[in-house]
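Asker: My structure is in query.csv, and what it holds is CSV, C-alpha atoms and all ligand atoms:
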```
chain,number,residue,atom,x,y,z
Q,107,MET,CA,66.3,89.8,95.9
Q,108,THR,CA,67.3,92.7,93.7
Q,109,ALA,CA,66.0,95.5,96.0
Q,110,ALA,CA,68.8,97.8,97.2
Q,111,VAL,CA,69.6,97.2,100.8
Q,112,ALA,CA,69.1,100.2,103.0
Q,113,THR,CA,72.3,101.5,104.6
Q,114,GLU,CA,73.1,104.6,106.4
Q,115,LEU,CA,75.1,106.6,103.8
Q,116,GLY,CA,78.7,107.2,104.8
Q,117,LYS,CA,78.8,104.5,107.5
Q,118,PRO,CA,80.3,101.5,105.8
Q,119,TYR,CA,80.0,98.2,107.6
Q,120,ILE,CA,83.8,97.4,107.8
Q,121,THR,CA,84.9,100.8,108.9
Q,122,PRO,CA,85.7,101.1,112.6
Q,123,TYR,CA,84.8,103.9,115.0
Q,124,GLU,CA,87.1,105.5,117.6
Q,125,GLU,CA,85.0,104.1,120.5
Q,126,GLU,CA,85.6,100.5,119.2
Q,127,THR,CA,89.3,100.7,119.9
Q,128,LEU,CA,90.1,98.5,122.9
Q,129,ASP,CA,93.2,97.9,125.1
Q,130,LEU,CA,95.1,94.8,124.0
Q,131,PRO,CA,96.6,93.2,127.1
Q,132,LEU,CA,99.2,91.2,125.1
Q,133,ALA,CA,101.5,88.7,126.6
Q,134,PHE,CA,103.4,85.5,125.6
Q,135,GLU,CA,102.6,82.1,126.9
Q,136,TRP,CA,104.0,78.6,126.2
Q,137,ALA,CA,101.8,76.4,124.1
Q,138,ASP,CA,103.0,73.0,122.7
Q,139,GLY,CA,106.6,73.9,123.6
Q,140,LEU,CA,106.6,77.2,121.8
Q,141,PRO,CA,106.1,80.8,122.8
Q,142,ARG,CA,102.7,82.0,121.6
Q,143,LEU,CA,101.1,85.5,121.6
Q,144,THR,CA,98.0,85.7,123.8
Q,145,TYR,CA,95.9,88.1,125.9
Q,146,ARG,CA,96.4,88.0,129.7
Q,147,ASP,CA,92.7,87.3,129.9
Q,148,ALA,CA,92.3,85.4,126.6
Q,149,LEU,CA,89.2,83.4,125.7
Q,150,PRO,CA,89.5,80.3,123.4
Q,151,GLN,CA,87.3,82.0,120.7
Q,152,GLU,CA,89.9,84.8,120.3
Q,153,TRP,CA,91.9,82.4,118.1
Q,154,MET,CA,90.8,81.4,114.6
Q,155,PHE,CA,93.0,79.7,112.0
Q,156,LYS,CA,95.5,79.1,114.8
Q,157,VAL,CA,96.2,82.9,115.2
Q,158,LEU,CA,95.2,85.4,117.8
Q,159,TRP,CA,92.8,88.1,116.5
Q,160,ALA,CA,92.8,91.8,117.5
Q,161,ARG,CA,90.1,92.7,119.9
Q,162,CYS,CA,87.7,95.5,119.1
Q,163,GLY,CA,84.3,96.8,120.3
Q,164,THR,CA,81.2,96.6,118.2
Q,165,ALA,CA,79.2,99.7,119.1
Q,166,ARG,CA,79.5,101.5,115.7
Q,167,GLU,CA,79.2,104.9,117.4
Q,168,GLY,CA,81.4,107.9,117.5
Q,169,LYS,CA,84.0,109.2,115.1
Q,170,ILE,CA,84.6,107.1,112.0
Q,171,GLN,CA,88.2,106.0,111.4
Q,172,TRP,CA,88.3,106.0,107.6
Q,173,HIS,CA,91.9,104.8,107.3
Q,174,LEU,CA,91.3,101.6,109.4
Q,175,VAL,CA,89.3,98.4,109.0
Q,176,HIS,CA,87.2,96.8,111.7
Q,177,THR,CA,88.8,93.4,112.4
Q,178,LEU,CA,85.7,91.4,113.4
Q,179,ARG,CA,83.4,92.8,110.7
Q,180,GLN,CA,86.0,92.4,108.0
Q,181,ARG,CA,86.5,88.7,109.0
Q,182,ARG,CA,82.7,88.2,109.1
Q,183,CYS,CA,82.4,89.6,105.6
Q,184,MET,CA,85.1,87.3,104.3
Q,185,LEU,CA,83.8,84.2,106.0
Q,186,LYS,CA,80.2,84.7,105.0
Q,187,GLY,CA,80.6,86.6,101.6
Q,188,LEU,CA,79.0,89.8,103.0
Q,189,CYS,CA,79.1,93.3,101.5
Q,190,ARG,CA,81.7,95.6,102.9
Q,191,VAL,CA,79.2,98.5,102.9
Q,192,CYS,CA,76.0,97.0,104.3
Q,193,GLY,CA,77.1,93.7,105.8
Q,194,LYS,CA,74.4,91.8,103.8
Q,195,SER,CA,75.0,89.0,101.3
Q,196,ALA,CA,77.0,90.0,98.2
Q,197,THR,CA,76.1,86.9,96.2
Q,198,ASP,CA,73.8,87.2,93.2
Q,199,PRO,CA,70.9,84.8,92.7
Q,200,GLY,CA,73.1,83.0,90.1
Q,201,GLY,CA,75.6,82.2,92.8
Q,202,ARG,CA,78.4,84.6,91.8
Q,203,ILE,CA,79.8,87.0,94.4
Q,204,ASN,CA,80.2,90.7,93.6
Q,205,TRP,CA,83.7,91.9,94.3
Q,206,ILE,CA,85.7,95.1,93.6
Q,207,MET,CA,89.3,94.3,92.8
Q,208,PRO,CA,92.4,96.5,92.1
Q,209,SER,CA,93.0,96.7,88.4
Q,210,SER,CA,96.4,95.2,88.9
Q,211,LEU,CA,94.8,91.8,89.8
Q,212,VAL,CA,92.3,91.7,86.9
Q,213,GLY,CA,93.6,90.4,83.6
Q,214,ASP,CA,94.1,86.7,83.9
Q,215,ARG,CA,90.5,85.8,84.7
Q,216,THR,CA,91.0,82.4,86.1
Q,217,SER,CA,94.0,82.8,88.3
Q,218,PRO,CA,93.5,82.7,92.1
Q,219,TRP,CA,94.3,86.0,93.7
Q,220,PRO,CA,94.7,86.9,97.3
Q,221,THR,CA,92.9,89.9,98.7
Q,222,ALA,CA,92.0,91.4,102.0
Q,223,HIS,CA,89.2,93.5,100.4
Q,224,PRO,CA,85.7,92.0,101.2
Q,225,PRO,CA,83.0,91.7,98.6
Q,226,THR,CA,80.6,94.5,97.7
Q,227,CYS,CA,77.0,93.8,96.9
Q,228,LYS,CA,75.7,95.2,93.6
Q,229,ALA,CA,73.6,97.9,95.3
Q,230,HIS,CA,76.7,99.4,97.0
Q,231,VAL,CA,79.3,99.4,94.3
Q,232,ASP,CA,79.0,103.1,93.8
Q,233,GLU,CA,79.1,103.9,97.5
Q,234,ALA,CA,82.1,101.7,98.1
Q,235,LEU,CA,84.0,103.3,95.2
Q,236,ALA,CA,83.1,106.8,96.5
Q,237,THR,CA,84.0,106.2,100.2
Q,238,CYS,CA,86.8,103.7,100.4
Q,239,PRO,CA,90.2,105.4,100.1
Q,240,TYR,CA,92.0,102.0,99.4
Q,241,LEU,CA,89.7,101.1,96.6
Q,242,ARG,CA,90.1,104.5,95.0
Q,243,ARG,CA,93.9,104.3,95.1
Q,244,GLU,CA,94.1,100.9,93.4
Q,245,ALA,CA,92.2,101.7,90.2
Q,246,PRO,CA,89.3,99.5,91.0
Q,247,VAL,CA,87.5,97.1,88.6
Q,248,VAL,CA,84.0,95.8,89.4
Q,249,CYS,CA,84.1,92.0,89.1
Q,250,THR,CA,82.3,88.8,90.1
Q,251,VAL,CA,83.9,85.8,91.7
Q,252,GLY,CA,83.0,82.2,91.4
Q,253,ASP,CA,84.6,81.0,94.7
Q,254,TYR,CA,87.1,81.9,97.3
Q,255,SER,CA,88.8,80.4,100.4
Q,256,PRO,CA,90.9,81.8,103.3
Q,257,VAL,CA,94.6,81.7,102.8
Q,258,GLY,CA,96.2,84.1,105.2
Q,259,VAL,CA,95.9,87.1,107.5
Q,260,LEU,CA,97.2,90.6,107.6
Q,261,ALA,CA,98.8,90.8,111.0
Q,262,ASN,CA,101.0,92.8,113.3
Q,263,LEU,CA,103.9,90.7,114.6
Q,264,TYR,CA,105.2,90.8,118.2
Q,265,GLY,CA,108.2,89.8,120.2
Q,266,GLU,CA,109.6,90.4,123.7
Q,267,ASP,CA,112.4,92.9,124.4
Q,268,ASP,CA,115.2,92.4,126.9
Q,269,GLY,CA,112.9,93.5,129.7
Q,270,GLY,CA,110.2,91.0,128.8
Q,271,ARG,CA,107.9,93.6,127.4
Q,272,VAL,CA,105.8,92.7,124.4
Q,273,VAL,CA,106.8,94.9,121.5
Q,274,GLU,CA,105.6,95.2,117.9
Q,275,THR,CA,108.2,93.9,115.4
Q,276,GLY,CA,106.2,94.1,112.2
Q,277,HIS,CA,103.1,96.0,111.1
Q,278,GLN,CA,100.4,94.8,108.7
Q,279,ILE,CA,102.4,91.8,107.4
Q,280,PRO,CA,100.7,89.2,105.2
Q,281,VAL,CA,101.1,85.8,106.9
Q,282,GLY,CA,100.0,82.5,105.3
Q,283,LEU,CA,97.7,80.2,107.3
Q,284,ASP,CA,100.4,77.6,106.9
Q,285,GLU,CA,103.2,79.8,108.4
Q,286,SER,CA,102.8,78.5,111.9
Q,287,HIS,CA,106.2,80.0,113.1
Q,288,LEU,CA,104.8,83.4,112.3
Q,289,LEU,CA,101.2,82.8,113.3
Q,290,ASN,CA,102.4,82.1,116.9
Q,291,ARG,CA,103.6,85.7,117.2
Q,292,ALA,CA,101.0,87.4,115.1
Q,293,LEU,CA,98.0,89.5,116.0
Q,294,ALA,CA,95.6,89.1,113.0
Q,295,THR,CA,93.7,92.2,111.9
Q,296,GLN,CA,92.2,91.1,108.5
Q,297,LEU,CA,91.5,87.8,106.8
Q,298,ILE,CA,93.1,87.3,103.4
Q,299,VAL,CA,91.2,85.1,100.9
Q,300,GLN,CA,92.1,83.7,97.6
Q,301,VAL,CA,89.5,84.2,94.9
Q,302,THR,CA,89.0,82.0,91.9
Q,303,ASP,CA,87.1,82.4,88.7
Q,304,LEU,CA,87.5,86.1,88.7
Q,305,GLN,CA,85.6,87.9,85.9
Q,306,PRO,CA,85.0,91.6,85.2
Q,307,ALA,CA,81.3,92.3,85.8
Q,308,ALA,CA,78.9,92.7,82.9
Q,309,PRO,CA,78.2,96.4,82.2
Q,310,GLY,CA,75.0,97.6,83.9
Q,401,ZN,ZN,75.8,96.2,100.3
```
Kindly return the structure encoded in the file as structure tokens.
Ligand SMILES: [Zn+2]

Answerer:
Amino acid sequence: MTAAVATELGKPYITPYEEETLDLPLAFEWADGLPRLTYRDALPQEWMFKVLWARCGTAREGKIQWHLVHTLRQRRCMLKGLCRVCGKSATDPGGRINWIMPSSLVGDRTSPWPTAHPPTCKAHVDEALATCPYLRREAPVVCTVGDYSPVGVLANLYGEDDGGRVVETGHQIPVGLDESHLLNRALATQLIVQVTDLQPAAPG
């Protein structure tokens, strides 16, 4: 259980590759009497939490896009408690989940905090800190988390212009899973979870 999980150095699990970028044939349709964002060829599984999710490929080949997050792999990490670097479980044998948090969130150890950063297994804390520009910028603290649950999405919002074209009206906006008026016109790119029982990790 404690053996380091082998990963290809410099190829974090949640980081996308240029070749994984897909065209998004966005459109609006009517659903339950309201306009709803969709794809012209949408499949039912492209909605989760009543919001449409951004499409992306899964090849993991080509040029790494360090400044972006892979939508499907980020969501998978959040739903299953997987490590952002290797994509394997980030939960310790004792049941606590290893998680790197911005220092601004650490202080009140029991408050629930929303975050779009997935967990990081113990073996990959150093690599995550070295390679993730977002973590570096936020003065990270290595923590463990007792539990967490989905509360929202980071999304791009869309509307229609006078010519009926689908246009972006908001970029990377946090939207709560209960904000149905926004979810209808949102394209989700990352799942936001609320962590509880947050504690700084024991040294070593
Ligand atoms: Zn890992």

Asker: Any residue with an atom at most 8 Å from ligand ZN 401 (chain Q) counts, using only C-alpha atoms and all ligand atoms. Which are they? Put them as a PyMOL selection string.

Answerer: chain Q and resi 110-111+113+188-196+226-231

Asker: In terms of the shortest atom-to-atom distance over only C-alpha atoms, which of Q:Arg161, Q:His277, Q:Arg181, Q:Arg242 is closest to Q:Val299?

Answerer: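 That would be Q:Arg181, the residue with the smallest distance to Q:Val299.
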
Asker: Could you give me, as JSON lines, every stretch 112-208 of chain Q residue with an atom at most 9 Å from stretch 292-298 of chain Q, plus its closest atom pair and distance in Å to one decimal, counting only C-alpha atoms, rows ordered by chain then number?

Answerer:
```
{"residue": "Q:Arg142", "atom": "CA", "partner": "Q:Ala292", "partner_atom": "CA", "distance": 8.6}
{"residue": "Q:Leu143", "atom": "CA", "partner": "Q:Ala292", "partner_atom": "CA", "distance": 6.8}
{"residue": "Q:Thr144", "atom": "CA", "partner": "Q:Leu293", "partner_atom": "CA", "distance": 8.7}
{"residue": "Q:Val157", "atom": "CA", "partner": "Q:Ala292", "partner_atom": "CA", "distance": 6.6}
{"residue": "Q:Leu158", "atom": "CA", "partner": "Q:Leu293", "partner_atom": "CA", "distance": 5.3}
{"residue": "Q:Trp159", "atom": "CA", "partner": "Q:Ala294", "partner_atom": "CA", "distance": 4.6}
{"residue": "Q:Ala160", "atom": "CA", "partner": "Q:Thr295", "partner_atom": "CA", "distance": 5.7}
{"residue": "Q:Arg161", "atom": "CA", "partner": "Q:Thr295", "partner_atom": "CA", "distance": 8.8}
{"residue": "Q:Val175", "atom": "CA", "partner": "Q:Gln296", "partner_atom": "CA", "distance": 7.9}
{"residue": "Q:His176", "atom": "CA", "partner": "Q:Thr295", "partner_atom": "CA", "distance": 8.0}
{"residue": "Q:Thr177", "atom": "CA", "partner": "Q:Thr295", "partner_atom": "CA", "distance": 5.1}
{"residue": "Q:Leu178", "atom": "CA", "partner": "Q:Gln296", "partner_atom": "CA", "distance": 8.1}
{"residue": "Q:Gln180", "atom": "CA", "partner": "Q:Gln296", "partner_atom": "CA", "distance": 6.4}
{"residue": "Q:Arg181", "atom": "CA", "partner": "Q:Leu297", "partner_atom": "CA", "distance": 5.5}
{"residue": "Q:Met184", "atom": "CA", "partner": "Q:Leu297", "partner_atom": "CA", "distance": 6.9}
{"residue": "Q:Leu185", "atom": "CA", "partner": "Q:Leu297", "partner_atom": "CA", "distance": 8.5}
```

Asker: Could you tell me how far atom CA of Q:Asp303 lies from atom CA of Q:Gly252, in Å and to one decimal?

Answerer: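 Answer for the atom CA of Q:Asp303 to atom CA of Q:Gly252 separation: 4.9 Å.
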
Asker: Given the choices Q:Glu266, Q:Glu135, Q:Asp198, Q:Glu126, which gets closest to Q:Lys169 if the distance is worked out from all atoms listed in the file?

Answerer: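 Using all atoms listed in the file, Q:Lys169 sits closest to Q:Glu126.
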
Asker: Name the closest residue to Q:Ile206 among the candidates Q:Val259, Q:Val251, Q:His173, Q:Leu283; distances are taken between atoms, counting only C-alpha atoms.

Answerer: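 Using only C-alpha atoms, Q:Ile206 sits closest to Q:Val251.
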
Asker: Atom CA of Q:Ser209 and atom CA of Q:Ala245, how far apart in Å?

Answerer: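 Straight-line distance from atom CA of Q:Ala245 to atom CA of Q:Ser209 works out to 5.4 Å.
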
Asker: Taking into account all atoms listed in the file, which residue in the set Q:Gln171, Q:Thr302, Q:Gln278, Q:Gln151 is nearest to Q:Thr127?

Answerer: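 Checking each candidate against Q:Thr127, we get Q:Gln171 as the closest.
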
Asker: Would you compute the distance between atom CA of Q:Glu233 and atom CA of Q:Thr221? Give it in Å to one decimal.

Answerer: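 Computing it gives 19.7 Å between the two atoms.
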